[in-house]
>>> print(open('upload36.cif').read())   # mmCIF, C-alpha atoms
data_coords
loop_
_atom_site.label_atom_id
_atom_site.label_comp_id
_atom_site.auth_asym_id
_atom_site.auth_seq_id
_atom_site.Cartn_x
_atom_site.Cartn_y
_atom_site.Cartn_z
CA MET A 1 63.04 -47.74 2.21
CA VAL A 2 62.23 -44.06 2.56
CA ASN A 3 58.45 -43.89 2.55
CA GLY A 4 58.00 -40.17 2.88
CA TYR A 5 59.61 -36.83 2.10
CA HIS A 6 58.84 -33.67 4.01
CA PRO A 7 60.45 -30.85 1.98
CA LYS A 8 61.01 -27.47 3.61
CA ASP A 9 59.99 -25.47 0.54
CA LEU A 10 58.76 -25.75 -3.04
CA ILE A 11 62.28 -25.80 -4.53
CA GLU A 12 63.19 -28.83 -2.45
CA ALA A 13 59.87 -30.47 -3.27
CA LEU A 14 60.44 -30.02 -7.04
CA LYS A 15 63.98 -31.37 -6.68
CA ILE A 16 62.65 -34.51 -4.99
CA ARG A 17 59.98 -34.75 -7.69
CA ALA A 18 62.70 -34.67 -10.36
CA GLU A 19 64.79 -37.37 -8.69
CA VAL A 20 62.32 -39.78 -7.13
CA SER A 21 59.11 -41.39 -8.30
CA CYS A 22 56.70 -40.32 -5.57
CA ILE A 23 53.07 -39.48 -4.77
CA PRO A 24 52.31 -35.87 -3.78
CA LEU A 25 49.97 -35.78 -0.78
CA ALA A 26 48.39 -32.61 0.61
CA GLY A 27 45.48 -33.24 3.00
CA GLY A 28 45.34 -36.97 2.33
CA THR A 29 41.57 -37.25 2.70
CA ASP A 30 41.23 -39.17 -0.58
CA LEU A 31 44.61 -40.92 -0.74
CA MET A 32 44.53 -42.26 2.82
CA VAL A 33 41.13 -43.86 2.14
CA GLN A 34 41.95 -45.16 -1.35
CA ASN A 35 45.06 -46.89 0.00
CA ALA A 36 43.65 -48.00 3.36
CA ARG A 37 44.33 -51.56 4.49
CA GLY A 38 41.87 -51.83 7.35
CA THR A 39 41.59 -51.40 11.09
CA GLY A 40 44.83 -50.62 12.87
CA LEU A 41 46.97 -50.78 9.74
CA SER A 42 48.86 -48.05 7.93
CA PRO A 43 47.77 -47.43 4.36
CA ASN A 44 49.94 -48.99 1.73
CA PHE A 45 51.34 -46.75 -1.02
CA ASP A 46 53.31 -48.20 -3.92
CA LYS A 47 55.64 -45.18 -3.95
CA PRO A 48 57.00 -42.87 -1.26
CA LEU A 49 54.83 -39.90 -0.32
CA LEU A 50 55.86 -36.31 -0.93
CA PHE A 51 54.13 -34.14 1.66
CA VAL A 52 53.10 -30.81 0.12
CA GLY A 53 50.25 -29.63 2.36
CA HIS A 54 52.50 -27.46 4.52
CA LEU A 55 54.47 -25.75 1.72
CA PRO A 56 54.05 -21.97 2.17
CA GLU A 57 54.33 -21.36 -1.61
CA LEU A 58 51.17 -23.42 -2.14
CA ARG A 59 48.97 -21.76 0.46
CA HIS A 60 48.12 -18.34 -1.04
CA ILE A 61 44.78 -16.75 -1.89
CA GLU A 62 45.31 -13.54 -3.84
CA LYS A 63 43.95 -11.45 -6.70
CA LYS A 64 46.35 -10.52 -9.49
CA GLU A 65 45.81 -9.25 -13.05
CA GLY A 66 42.24 -10.38 -13.50
CA PHE A 67 42.64 -13.73 -11.78
CA LEU A 68 41.98 -15.13 -8.37
CA HIS A 69 45.01 -17.27 -7.51
CA ILE A 70 44.46 -20.10 -5.06
CA GLY A 71 47.33 -22.24 -3.81
CA PRO A 72 46.61 -25.95 -4.22
CA SER A 73 47.31 -26.65 -0.54
CA VAL A 74 44.68 -24.18 0.68
CA LEU A 75 42.14 -26.04 2.83
CA LEU A 76 38.48 -26.15 1.86
CA SER A 77 37.64 -24.67 5.28
CA GLU A 78 40.06 -21.79 4.66
CA MET A 79 38.32 -21.06 1.36
CA LEU A 80 34.93 -20.98 3.09
CA SER A 81 36.09 -18.20 5.42
CA HIS A 82 38.01 -16.15 2.85
CA PRO A 83 36.42 -12.98 1.42
CA PHE A 84 37.95 -13.47 -2.07
CA ILE A 85 36.23 -16.79 -2.75
CA PRO A 86 32.98 -16.25 -4.74
CA GLU A 87 29.84 -17.04 -2.75
CA THR A 88 28.59 -19.50 -5.34
CA PHE A 89 31.87 -21.46 -5.09
CA LYS A 90 31.50 -21.45 -1.29
CA LYS A 91 28.03 -22.89 -1.72
CA ALA A 92 29.50 -25.93 -3.47
CA ILE A 93 32.39 -26.29 -1.00
CA SER A 94 30.12 -26.03 2.04
CA GLN A 95 28.28 -29.15 0.86
CA MET A 96 31.44 -31.24 0.58
CA ALA A 97 32.09 -33.93 3.20
CA SER A 98 31.91 -32.50 6.76
CA PRO A 99 33.63 -29.72 8.74
CA PRO A 100 36.45 -31.98 10.11
CA THR A 101 37.23 -33.33 6.65
CA ARG A 102 37.16 -29.81 5.18
CA ASN A 103 39.78 -28.90 7.80
CA LEU A 104 42.15 -31.34 6.05
CA ALA A 105 41.07 -31.49 2.40
CA THR A 106 42.61 -29.11 -0.15
CA LEU A 107 41.50 -27.58 -3.44
CA GLY A 108 44.55 -29.00 -5.24
CA GLY A 109 43.72 -32.44 -3.89
CA ASN A 110 40.19 -32.28 -5.22
CA ILE A 111 41.54 -31.33 -8.67
CA CYS A 112 44.39 -33.87 -8.81
CA ASN A 113 42.24 -36.69 -7.49
CA ALA A 114 40.30 -36.14 -10.73
CA SER A 115 37.14 -37.83 -9.54
CA PRO A 116 34.13 -37.31 -11.85
CA ALA A 117 32.31 -36.48 -8.60
CA GLY A 118 34.81 -33.83 -7.41
CA ASP A 119 32.54 -31.07 -6.16
CA THR A 120 34.86 -28.12 -6.82
CA LEU A 121 35.22 -29.11 -10.47
CA PRO A 122 31.94 -27.95 -12.08
CA PHE A 123 32.58 -24.38 -10.88
CA LEU A 124 36.21 -24.46 -12.05
CA TYR A 125 35.14 -25.77 -15.47
CA ALA A 126 32.36 -23.20 -15.73
CA MET A 127 34.82 -20.39 -14.92
CA ASP A 128 37.45 -21.66 -17.42
CA ALA A 129 39.94 -22.05 -14.57
CA GLU A 130 43.58 -22.64 -15.47
CA LEU A 131 46.34 -24.47 -13.64
CA ILE A 132 50.06 -23.87 -13.30
CA LEU A 133 52.16 -27.03 -13.35
CA GLU A 134 55.82 -26.72 -12.41
CA ASN A 135 58.87 -28.92 -12.52
CA HIS A 136 62.34 -27.96 -11.26
CA ALA A 137 63.09 -26.00 -14.48
CA PHE A 138 59.86 -24.88 -16.17
CA ASP A 139 56.26 -24.07 -15.58
CA ARG A 140 53.31 -24.45 -17.90
CA ARG A 141 49.75 -23.18 -17.89
CA ILE A 142 46.88 -25.49 -18.81
CA PRO A 143 43.07 -25.18 -18.79
CA ILE A 144 41.49 -27.47 -16.21
CA GLU A 145 39.51 -29.18 -18.98
CA GLU A 146 42.76 -30.33 -20.59
CA PHE A 147 44.39 -31.28 -17.28
CA ILE A 148 41.79 -33.83 -16.23
CA CYS A 149 41.57 -36.57 -18.84
CA GLY A 150 39.47 -39.20 -17.09
CA PRO A 151 38.62 -40.68 -13.71
CA LYS A 152 41.81 -40.48 -11.60
CA GLN A 153 43.78 -39.44 -14.69
CA THR A 154 45.52 -36.13 -15.17
CA GLU A 155 48.19 -34.58 -17.35
CA LEU A 156 50.49 -34.12 -14.34
CA LYS A 157 53.94 -35.44 -15.24
CA SER A 158 55.99 -37.43 -12.74
CA ASP A 159 58.38 -34.52 -12.13
CA GLU A 160 55.68 -31.85 -11.82
CA LEU A 161 53.55 -30.37 -9.06
CA LEU A 162 50.37 -28.33 -9.34
CA THR A 163 51.43 -24.96 -7.94
CA ASP A 164 48.63 -22.50 -8.71
CA ILE A 165 44.93 -22.44 -9.59
CA LEU A 166 43.77 -19.42 -11.58
CA ILE A 167 40.13 -18.42 -11.70
CA PRO A 168 39.11 -15.37 -13.78
CA THR A 169 37.62 -12.73 -11.49
CA THR A 170 34.61 -12.30 -13.82
CA LEU A 171 31.45 -11.89 -11.78
CA PHE A 172 28.26 -13.59 -12.89
CA PRO A 173 25.08 -11.95 -11.58
CA VAL A 174 23.19 -15.22 -11.96
CA SER A 175 24.59 -18.27 -10.21
CA TYR A 176 23.03 -21.60 -9.42
CA TYR A 177 24.44 -24.67 -7.69
CA LYS A 178 22.75 -27.99 -7.06
CA LYS A 179 24.18 -31.16 -5.56
CA VAL A 180 22.08 -34.30 -5.42
CA GLY A 181 23.27 -36.91 -2.92
CA GLN A 182 21.85 -39.57 -0.62
CA ARG A 183 21.78 -37.28 2.42
CA ARG A 184 22.85 -33.73 3.22
CA GLY A 185 25.98 -34.36 5.28
CA MET A 186 28.92 -36.50 4.20
CA SER A 187 27.47 -37.69 0.94
CA LEU A 188 29.22 -38.21 -2.35
CA THR A 189 27.59 -36.66 -5.35
CA LYS A 190 25.15 -38.49 -7.61
CA VAL A 191 24.83 -35.42 -9.81
CA SER A 192 26.08 -31.88 -9.33
CA PHE A 193 25.54 -28.80 -11.46
CA HIS A 194 26.99 -25.31 -11.53
CA GLY A 195 25.29 -22.74 -13.72
CA LEU A 196 26.44 -19.15 -14.24
CA ALA A 197 24.92 -16.45 -16.42
CA GLU A 198 24.93 -12.81 -17.28
CA ILE A 199 21.70 -11.39 -18.63
CA VAL A 200 21.64 -7.94 -20.20
CA ASP A 201 18.30 -6.30 -21.11
CA GLY A 202 16.61 -9.67 -21.24
CA TYR A 203 19.19 -11.30 -23.51
CA VAL A 204 21.76 -13.96 -22.61
CA GLU A 205 25.14 -12.22 -22.61
CA ASP A 206 27.14 -15.13 -21.17
CA LEU A 207 26.13 -18.60 -20.04
CA ARG A 208 28.10 -21.45 -18.44
CA MET A 209 26.64 -24.83 -17.49
CA ALA A 210 28.74 -27.65 -16.01
CA PHE A 211 27.59 -31.05 -14.74
CA GLY A 212 29.58 -33.25 -12.36
CA SER A 213 29.38 -37.01 -11.89
CA VAL A 214 27.55 -37.73 -15.15
CA ALA A 215 30.49 -38.65 -17.42
CA PRO A 216 34.19 -39.59 -17.02
CA THR A 217 34.98 -35.90 -16.58
CA VAL A 218 32.92 -32.79 -15.84
CA VAL A 219 30.65 -31.97 -18.78
CA ARG A 220 30.29 -28.60 -20.40
CA SER A 221 28.52 -28.42 -23.72
CA ARG A 222 29.97 -25.34 -25.34
CA ASP A 223 27.84 -25.90 -28.45
CA CYS A 224 24.77 -25.67 -26.33
CA GLU A 225 26.02 -22.64 -24.39
CA ASN A 226 27.03 -20.80 -27.57
CA SER A 227 23.70 -21.50 -29.23
CA LEU A 228 21.95 -19.70 -26.38
CA ILE A 229 24.18 -16.65 -26.14
CA GLY A 230 22.42 -13.64 -27.64
CA GLU A 231 19.01 -15.25 -27.28
CA PRO A 232 16.14 -13.63 -25.38
CA VAL A 233 15.78 -15.21 -21.94
CA SER A 234 11.99 -15.26 -22.29
CA THR A 235 12.16 -17.97 -24.98
CA LEU A 236 14.40 -20.43 -23.09
CA LYS A 237 11.58 -22.10 -21.23
CA SER A 238 9.49 -22.85 -24.28
CA ARG A 239 12.56 -24.01 -26.20
CA PHE A 240 13.76 -26.25 -23.39
CA ASN A 241 13.29 -29.61 -25.11
CA GLU A 242 15.28 -28.39 -28.11
CA ILE A 243 18.07 -27.19 -25.76
CA TRP A 244 18.04 -30.52 -23.95
CA GLU A 245 18.47 -32.40 -27.22
CA LEU A 246 21.64 -30.45 -27.83
CA TYR A 247 22.94 -31.05 -24.31
CA GLU A 248 21.81 -34.62 -23.76
CA PRO A 249 24.44 -36.51 -25.84
CA SER A 250 27.27 -35.19 -23.63
CA ILE A 251 25.64 -36.59 -20.50
CA GLN A 252 26.81 -40.20 -20.21
CA PRO A 253 26.28 -41.33 -16.63
CA ILE A 254 26.88 -44.85 -15.33
CA ASP A 255 25.18 -47.19 -12.88
CA ASP A 256 27.26 -47.43 -9.71
CA ALA A 257 26.96 -47.90 -5.95
CA ARG A 258 25.55 -44.41 -5.55
CA SER A 259 22.92 -44.23 -8.26
CA THR A 260 21.74 -45.39 -11.66
CA ALA A 261 22.38 -43.91 -15.08
CA THR A 262 18.66 -43.45 -15.70
CA TYR A 263 18.12 -41.60 -12.45
CA ARG A 264 21.14 -39.39 -13.09
CA LYS A 265 19.95 -38.48 -16.56
CA ASN A 266 16.48 -37.59 -15.27
CA VAL A 267 18.04 -35.42 -12.59
CA CYS A 268 20.17 -33.63 -15.20
CA TYR A 269 17.05 -32.91 -17.26
CA ASN A 270 15.25 -31.51 -14.22
CA ILE A 271 18.21 -29.43 -13.03
CA LEU A 272 18.86 -27.91 -16.45
CA LYS A 273 15.18 -27.05 -16.75
CA ASP A 274 15.15 -25.57 -13.26
CA PHE A 275 18.23 -23.48 -14.03
CA LEU A 276 16.83 -22.07 -17.27
CA THR A 277 13.55 -21.33 -15.47
CA HIS A 278 15.61 -19.62 -12.79
CA LEU A 279 17.14 -17.39 -15.48
CA GLU A 280 13.64 -16.27 -16.38
CA ASN A 281 12.87 -15.54 -12.75
CA ILE A 282 15.96 -13.37 -12.58
CA LYS A 283 14.69 -11.50 -15.63
CA GLU A 284 11.36 -10.95 -13.91
CA ILE A 285 13.19 -9.53 -10.90
CA TYR A 286 15.10 -7.15 -13.18
CA ASN A 287 11.86 -6.02 -14.79
CA GLU A 288 10.20 -5.10 -11.51
CA MET B 1 60.55 -40.14 9.76
CA LYS B 2 61.26 -37.98 12.82
CA ILE B 3 58.29 -35.77 13.59
CA GLU B 4 58.19 -32.96 16.10
CA CYS B 5 54.72 -32.13 17.37
CA THR B 6 52.77 -31.29 20.50
CA LEU B 7 50.43 -33.84 22.01
CA ASN B 8 48.06 -32.72 24.77
CA GLY B 9 50.39 -29.85 25.64
CA GLN B 10 53.61 -31.88 25.69
CA ARG B 11 56.30 -31.67 23.03
CA LYS B 12 56.96 -35.03 21.41
CA THR B 13 59.37 -36.37 18.85
CA LEU B 14 57.79 -39.28 17.00
CA ASP B 15 59.92 -41.75 15.11
CA VAL B 16 57.33 -43.41 12.91
CA SER B 17 56.58 -44.38 9.33
CA SER B 18 55.29 -41.29 7.55
CA THR B 19 52.20 -43.15 6.35
CA ARG B 20 51.15 -44.26 9.83
CA ARG B 21 47.74 -42.87 10.75
CA LEU B 22 47.43 -40.45 13.65
CA LEU B 23 44.62 -42.70 14.91
CA ASP B 24 47.01 -45.66 15.29
CA ILE B 25 49.78 -43.52 16.79
CA LEU B 26 47.39 -42.26 19.47
CA ARG B 27 45.81 -45.61 20.30
CA GLU B 28 48.79 -47.94 20.02
CA ASP B 29 51.85 -45.83 20.79
CA PHE B 30 50.34 -43.51 23.40
CA HIS B 31 47.44 -45.69 24.64
CA LEU B 32 45.08 -42.77 24.16
CA THR B 33 42.02 -44.86 23.41
CA ALA B 34 39.29 -42.20 23.55
CA VAL B 35 39.72 -41.95 19.79
CA LYS B 36 37.95 -44.89 18.18
CA GLU B 37 38.11 -46.44 14.76
CA GLY B 38 34.59 -46.56 13.38
CA CYS B 39 34.66 -46.33 9.61
CA GLY B 40 38.35 -45.59 9.01
CA GLU B 41 37.42 -43.30 6.13
CA GLY B 42 36.56 -39.96 7.67
CA GLU B 43 32.80 -40.41 7.73
CA CYS B 44 31.87 -41.32 11.31
CA GLY B 45 33.85 -38.86 13.43
CA ALA B 46 34.66 -41.40 16.18
CA CYS B 47 38.40 -40.63 15.87
CA MET B 48 38.03 -36.86 16.01
CA VAL B 49 40.81 -34.79 17.61
CA LEU B 50 41.77 -31.12 17.53
CA MET B 51 44.70 -30.17 15.31
CA ASP B 52 45.81 -26.57 15.79
CA GLY B 53 42.42 -26.00 17.45
CA LYS B 54 40.29 -27.40 14.64
CA ALA B 55 38.39 -30.68 14.60
CA VAL B 56 39.88 -33.27 12.24
CA ASN B 57 39.55 -37.02 11.65
CA ALA B 58 42.64 -38.84 12.98
CA CYS B 59 42.09 -41.78 10.60
CA LEU B 60 42.81 -39.53 7.61
CA ILE B 61 46.04 -37.98 8.85
CA PRO B 62 49.37 -39.58 7.94
CA ALA B 63 52.21 -38.99 10.40
CA GLY B 64 54.00 -36.88 7.78
CA ASN B 65 51.30 -34.22 8.13
CA LEU B 66 51.84 -33.85 11.89
CA MET B 67 55.10 -31.90 11.67
CA GLY B 68 54.84 -28.86 13.95
CA LYS B 69 51.18 -29.49 14.71
CA GLU B 70 49.44 -29.23 18.04
CA ILE B 71 47.21 -32.21 18.69
CA VAL B 72 44.63 -32.38 21.48
CA THR B 73 42.76 -35.63 22.13
CA PRO B 74 39.60 -36.02 24.24
CA GLU B 75 41.88 -37.11 27.13
CA GLY B 76 43.81 -33.83 26.93
CA PHE B 77 40.63 -31.78 26.62
CA LYS B 78 38.38 -33.31 29.26
CA GLU B 79 39.93 -31.65 32.33
CA SER B 80 39.73 -28.16 30.83
CA PRO B 81 36.82 -25.91 31.90
CA ARG B 82 35.23 -26.29 28.44
CA GLY B 83 35.75 -30.05 28.52
CA LYS B 84 34.00 -30.34 31.88
CA ILE B 85 31.05 -28.26 30.69
CA ILE B 86 30.60 -30.38 27.55
CA GLU B 87 30.81 -33.58 29.61
CA GLU B 88 28.17 -32.31 32.07
CA ALA B 89 25.93 -31.16 29.23
CA LEU B 90 26.09 -34.53 27.47
CA ILE B 91 25.21 -36.34 30.73
CA GLU B 92 22.39 -33.96 31.61
CA ALA B 93 20.86 -34.19 28.14
CA GLY B 94 20.98 -38.01 28.22
CA ALA B 95 23.11 -37.88 25.10
CA VAL B 96 25.28 -40.90 25.86
CA GLN B 97 24.20 -44.48 25.43
CA CYS B 98 26.91 -46.91 24.30
CA GLY B 99 29.45 -44.11 24.30
CA PHE B 100 31.47 -45.16 21.26
CA CYS B 101 30.80 -41.94 19.37
CA THR B 102 30.88 -39.67 22.44
CA PRO B 103 34.58 -38.65 22.49
CA GLY B 104 34.26 -37.61 18.85
CA PHE B 105 31.13 -35.60 19.60
CA VAL B 106 32.97 -33.86 22.47
CA MET B 107 35.62 -32.69 20.01
CA ALA B 108 33.02 -31.65 17.44
CA ILE B 109 31.02 -29.67 20.03
CA GLU B 110 34.20 -27.90 21.18
CA SER B 111 35.05 -27.01 17.59
CA LEU B 112 31.47 -25.89 16.90
CA LEU B 113 31.22 -23.65 19.98
CA ASN B 114 34.67 -22.28 19.31
CA GLU B 115 33.51 -21.12 15.89
CA HIS B 116 29.94 -20.22 16.90
CA PRO B 117 29.63 -19.42 20.64
CA HIS B 118 25.89 -18.91 20.06
CA PRO B 119 25.12 -21.38 17.30
CA THR B 120 21.92 -21.39 15.27
CA GLU B 121 20.05 -24.67 14.81
CA GLU B 122 21.63 -24.87 11.36
CA ASN B 123 25.14 -24.26 12.80
CA ILE B 124 24.62 -27.15 15.23
CA ARG B 125 23.43 -29.57 12.55
CA GLU B 126 26.26 -28.50 10.25
CA GLY B 127 28.87 -28.60 13.02
CA LEU B 128 27.94 -32.13 14.04
CA SER B 129 27.35 -33.43 10.50
CA GLY B 130 30.66 -35.29 10.53
CA ASN B 131 29.72 -37.48 13.51
CA LEU B 132 27.53 -40.54 13.46
CA CYS B 133 25.63 -41.87 16.47
CA ARG B 134 23.76 -45.14 16.05
CA CYS B 135 22.00 -45.47 19.40
CA THR B 136 21.19 -42.26 21.27
CA GLY B 137 19.72 -40.38 18.35
CA TYR B 138 20.74 -36.86 17.59
CA GLN B 139 18.10 -34.78 19.40
CA MET B 140 19.67 -35.22 22.84
CA ILE B 141 23.08 -34.45 21.42
CA PHE B 142 21.76 -31.25 19.82
CA LYS B 143 20.20 -30.42 23.19
CA SER B 144 23.56 -30.93 24.93
CA VAL B 145 25.06 -28.23 22.71
CA ARG B 146 22.42 -25.78 23.93
CA LEU B 147 23.10 -26.81 27.54
CA ALA B 148 26.85 -26.38 27.07
CA GLU B 149 26.23 -22.98 25.50
CA GLU B 150 24.19 -21.89 28.58
CA LYS B 151 26.33 -23.47 31.29
CA GLY B 152 29.58 -22.37 29.68
CA ALA B 153 28.52 -18.81 28.87
CA GLY B 154 31.68 -16.74 28.43
CA LEU B 155 33.97 -19.75 28.02
CA TRP B 156 33.74 -19.74 24.24
#
>>> encode(input="upload36.cif", output="structure tokens")
Amino acid sequence: MVNGYHPKDLIEALKIRAEVSCIPLAGGTDLMVQNARGTGLSPNFDKPLLFVGHLPELRHIEKKEGFLHIGPSVLLSEMLSHPFIPETFKKAISQMASPPTRNLATLGGNICNASPAGDTLPFLYAMDAELILENHAFDRRIPIEEFICGPKQTELKSDELLTDILIPTTLFPVSYYKKVGQRRGMSLTKVSFHGLAEIVDGYVEDLRMAFGSVAPTVVRSRDCENSLIGEPVSTLKSRFNEIWELYEPSIQPIDDARSTATYRKNVCYNILKDFLTHLENIKEIYNE
Amino acid sequence: MKIECTLNGQRKTLDVSSTRRLLDILREDFHLTAVKEGCGEGECGACMVLMDGKAVNACLIPAGNLMGKEIVTPEGFKESPRGKIIEEALIEAGAVQCGFCTPGFVMAIESLLNEHPHPTEENIREGLSGNLCRCTGYQMIFKSVRLAEEKGAGLW
């Protein structure tokens, strides 16, 4: 049986995708571990692999028409050294795994693996990132929130490949990232949070808050965000418990090997409070 | 799958299953046993090699991703001027005890100094964060990076 395809370009890859049931593999840092069989043995995949990490069409980083386009096969380490990648996104990426793993792992892999603990996801959700999915005949554009439907579940059809990741080039003057894990290096996330804001004359102009690892998918409470837009920053701290009540129902963590639901919820409370306090600090800096 | 790649400076054509791990290819097919299997999931760094000059975990790489790549193992690196300096530095700092993790650390130190010829303390901790050592402790290993930096001035 053929157990792997190594297409020369995207067209050939999409042709194989249309004809054969297969598993796209870019860096392999998740798939090789999820399908491992133990010491000295090759991993076992129930379908042939389609290698896509080398495809030149999937390795771009460019700015076009208000969007930063990142090819899904771009390595995490390549993103860390690229001037177009926002610093706050780099902050999240630099805390993922370790340098040797980041030399293999790709952005597209982190998205398609659809882990609730995927550390690039809170930023992508907060930025309203969109994805391009292509088959041999058509392409479609889908918000990341609609693409990921649960742990390890995505809207990717069996003849499609993720071919582009679009992030609006909007700049947020206030950015905040926090990852809570067991140790600094090599740890999987217990809770992660990406917060972005724009404050104009002491009022919230735009606000994005996304939590990772606290529900089946990344959580963004748009109700909560919208209720705060237009509000004076100075009142956020005193209103925090009211804000938390609005946010809290969307945070549904579980007990697992890494942490407990109770701990995760407490951490979310503390992080959200810290972020909104941080907004006030930014305001104080502006006032100086 | 037929795979063309370079291993320790020599061109090779591998005829292997595309899912076979680079770690197994190196140890079993080429008897290059400096790479070790510790965790088998990319966390311990004992199987570290250089791929196109960058440190990577061989346990995470399927053969299909080796097409056209240049792989250097600790065996291929140790006789180079940089390899000798790192070896001396590890010995002088007392950074080797059981030795299981050492080949991986050699690769990580090479990759670290290649990126940061004069690393900060934070660069060193970050650069070696993908390698676990369970007996020497990390302080001597950190010290060996400083020694390699001094002894090998101009090499990186």
>>> atom_distance(input="upload36.cif", atom1="atom CA of Asp15 of chain B", atom2="atom CA of Lys8 of chain A")
18.4 Å
>>> residues_around(input="upload36.cif", residues="segment 114-125 of chain A", least_positions_apart="5", cutoff="7 Å", atoms="all atoms listed in the file", output="PDB file with C-alpha atoms, in the frame of the given file")
ATOM      1  CA  PHE A  89      31.870 -21.460  -5.090  1.00  0.00           C
ATOM      2  CA  ALA A  92      29.500 -25.930  -3.470  1.00  0.00           C
ATOM      3  CA  ILE A  93      32.390 -26.290  -1.000  1.00  0.00           C
ATOM      4  CA  MET A  96      31.440 -31.240   0.580  1.00  0.00           C
ATOM      5  CA  ILE A 144      41.490 -27.470 -16.210  1.00  0.00           C
ATOM      6  CA  GLU A 145      39.510 -29.180 -18.980  1.00  0.00           C
ATOM      7  CA  ILE A 148      41.790 -33.830 -16.230  1.00  0.00           C
ATOM      8  CA  PRO A 151      38.620 -40.680 -13.710  1.00  0.00           C
ATOM      9  CA  LYS A 152      41.810 -40.480 -11.600  1.00  0.00           C
ATOM     10  CA  GLN A 153      43.780 -39.440 -14.690  1.00  0.00           C
ATOM     11  CA  THR A 154      45.520 -36.130 -15.170  1.00  0.00           C
ATOM     12  CA  THR A 189      27.590 -36.660  -5.350  1.00  0.00           C
ATOM     13  CA  PHE A 193      25.540 -28.800 -11.460  1.00  0.00           C
ATOM     14  CA  HIS A 194      26.990 -25.310 -11.530  1.00  0.00           C
ATOM     15  CA  ALA A 210      28.740 -27.650 -16.010  1.00  0.00           C
ATOM     16  CA  PHE A 211      27.590 -31.050 -14.740  1.00  0.00           C
ATOM     17  CA  GLY A 212      29.580 -33.250 -12.360  1.00  0.00           C
ATOM     18  CA  SER A 213      29.380 -37.010 -11.890  1.00  0.00           C
ATOM     19  CA  ALA A 215      30.490 -38.650 -17.420  1.00  0.00           C
ATOM     20  CA  PRO A 216      34.190 -39.590 -17.020  1.00  0.00           C
ATOM     21  CA  THR A 217      34.980 -35.900 -16.580  1.00  0.00           C
ATOM     22  CA  VAL A 218      32.920 -32.790 -15.840  1.00  0.00           C
TER      23      VAL A 218
END
>>> interface_residues(input="upload36.cif", of="chain B", to="chain A", cutoff="7 Å", atoms="only C-alpha atoms", output="list in words")
Ser18, Thr19, Arg20, Arg21, Asp24, Gly40, Glu41, Gly42, Glu43, Ala55, Val56, Asn57, Leu60, Ile61, Gly64, Gly127, Ser129 and Gly130 of chain B
>>> write_last_selection(input="upload36.cif", atoms="C-alpha atoms", output="short mmCIF file (atom, residue, chain, number, x, y, z; two decimals), in the coordinates of the input")
data_model
loop_
_atom_site.label_atom_id
_atom_site.label_comp_id
_atom_site.auth_asym_id
_atom_site.auth_seq_id
_atom_site.Cartn_x
_atom_site.Cartn_y
_atom_site.Cartn_z
CA SER B 18 55.29 -41.29 7.55
CA THR B 19 52.20 -43.15 6.35
CA ARG B 20 51.15 -44.26 9.83
CA ARG B 21 47.74 -42.87 10.75
CA ASP B 24 47.01 -45.66 15.29
CA GLY B 40 38.35 -45.59 9.01
CA GLU B 41 37.42 -43.30 6.13
CA GLY B 42 36.56 -39.96 7.67
CA GLU B 43 32.80 -40.41 7.73
CA ALA B 55 38.39 -30.68 14.60
CA VAL B 56 39.88 -33.27 12.24
CA ASN B 57 39.55 -37.02 11.65
CA LEU B 60 42.81 -39.53 7.61
CA ILE B 61 46.04 -37.98 8.85
CA GLY B 64 54.00 -36.88 7.78
CA GLY B 127 28.87 -28.60 13.02
CA SER B 129 27.35 -33.43 10.50
CA GLY B 130 30.66 -35.29 10.53
#
>>> closest_residue(input="upload36.cif", among="A:Thr260, A:Ser234, A:Asn110, A:Thr163", to="Leu55 of chain A", atoms="all atoms listed in the file")
A:Thr163
>>> residues_around(input="upload36.cif", residues="Gly76 of chain B", least_positions_apart="4", cutoff="9 Å", atoms="only C-alpha atoms", output="PDB file with C-alpha atoms, keeping the file's coordinate frame")
ATOM      1  CA  LEU B   7      50.430 -33.840  22.010  1.00  0.00           C
ATOM      2  CA  ASN B   8      48.060 -32.720  24.770  1.00  0.00           C
ATOM      3  CA  GLY B   9      50.390 -29.850  25.640  1.00  0.00           C
ATOM      4  CA  VAL B  72      44.630 -32.380  21.480  1.00  0.00           C
ATOM      5  CA  SER B  80      39.730 -28.160  30.830  1.00  0.00           C
TER       6      SER B  80
END
>>> residues_around(input="upload36.cif", residues="Ile91 of chain B", least_positions_apart="6", cutoff="10 Å", atoms="all atoms listed in the file", output="list in words")
Ile85, Gln97, Met140, Ile141 and Ser144 of chain B
>>> closest_residue(input="upload36.cif", among="B:Met51, B:Leu14, B:Cys101, B:Leu155", to="Cys135 of chain B", atoms="all atoms listed in the file")
B:Cys101
>>> resolve_selection(input="upload36.cif", expression="the PyMOL selection byres ((chain A and resi 86) around 12)", output="number ranges by chain")
A: 68, 79-85, 87-93, 123-124, 127, 167-173, 175, 196
>>> atom_distance(input="upload36.cif", atom1="atom CA of Ile254 of chain A", atom2="atom CA of Asn266 of chain A")
12.7 Å
>>> closest_residue(input="upload36.cif", among="B:Thr136, B:Val35, B:Trp156, B:Glu122", to="Val96 of chain B", atoms="only C-alpha atoms")
B:Thr136
>>> residues_around(input="upload36.cif", residues="Val16 of chain B", least_positions_apart="5", cutoff="9 Å", atoms="only C-alpha atoms", output="PyMOL selection string")
chain B and resi 1-3+25+63-64
>>> residues_around(input="upload36.cif", residues="Phe275 of chain A", least_positions_apart="2", cutoff="12 Å", atoms="only C-alpha atoms", output="JSON, numbers by chain")
{"A": [174, 175, 176, 177, 178, 193, 194, 195, 196, 197, 207, 208, 209, 210, 233, 236, 237, 240, 268, 269, 270, 271, 272, 273, 277, 278, 279, 280, 281, 282]}
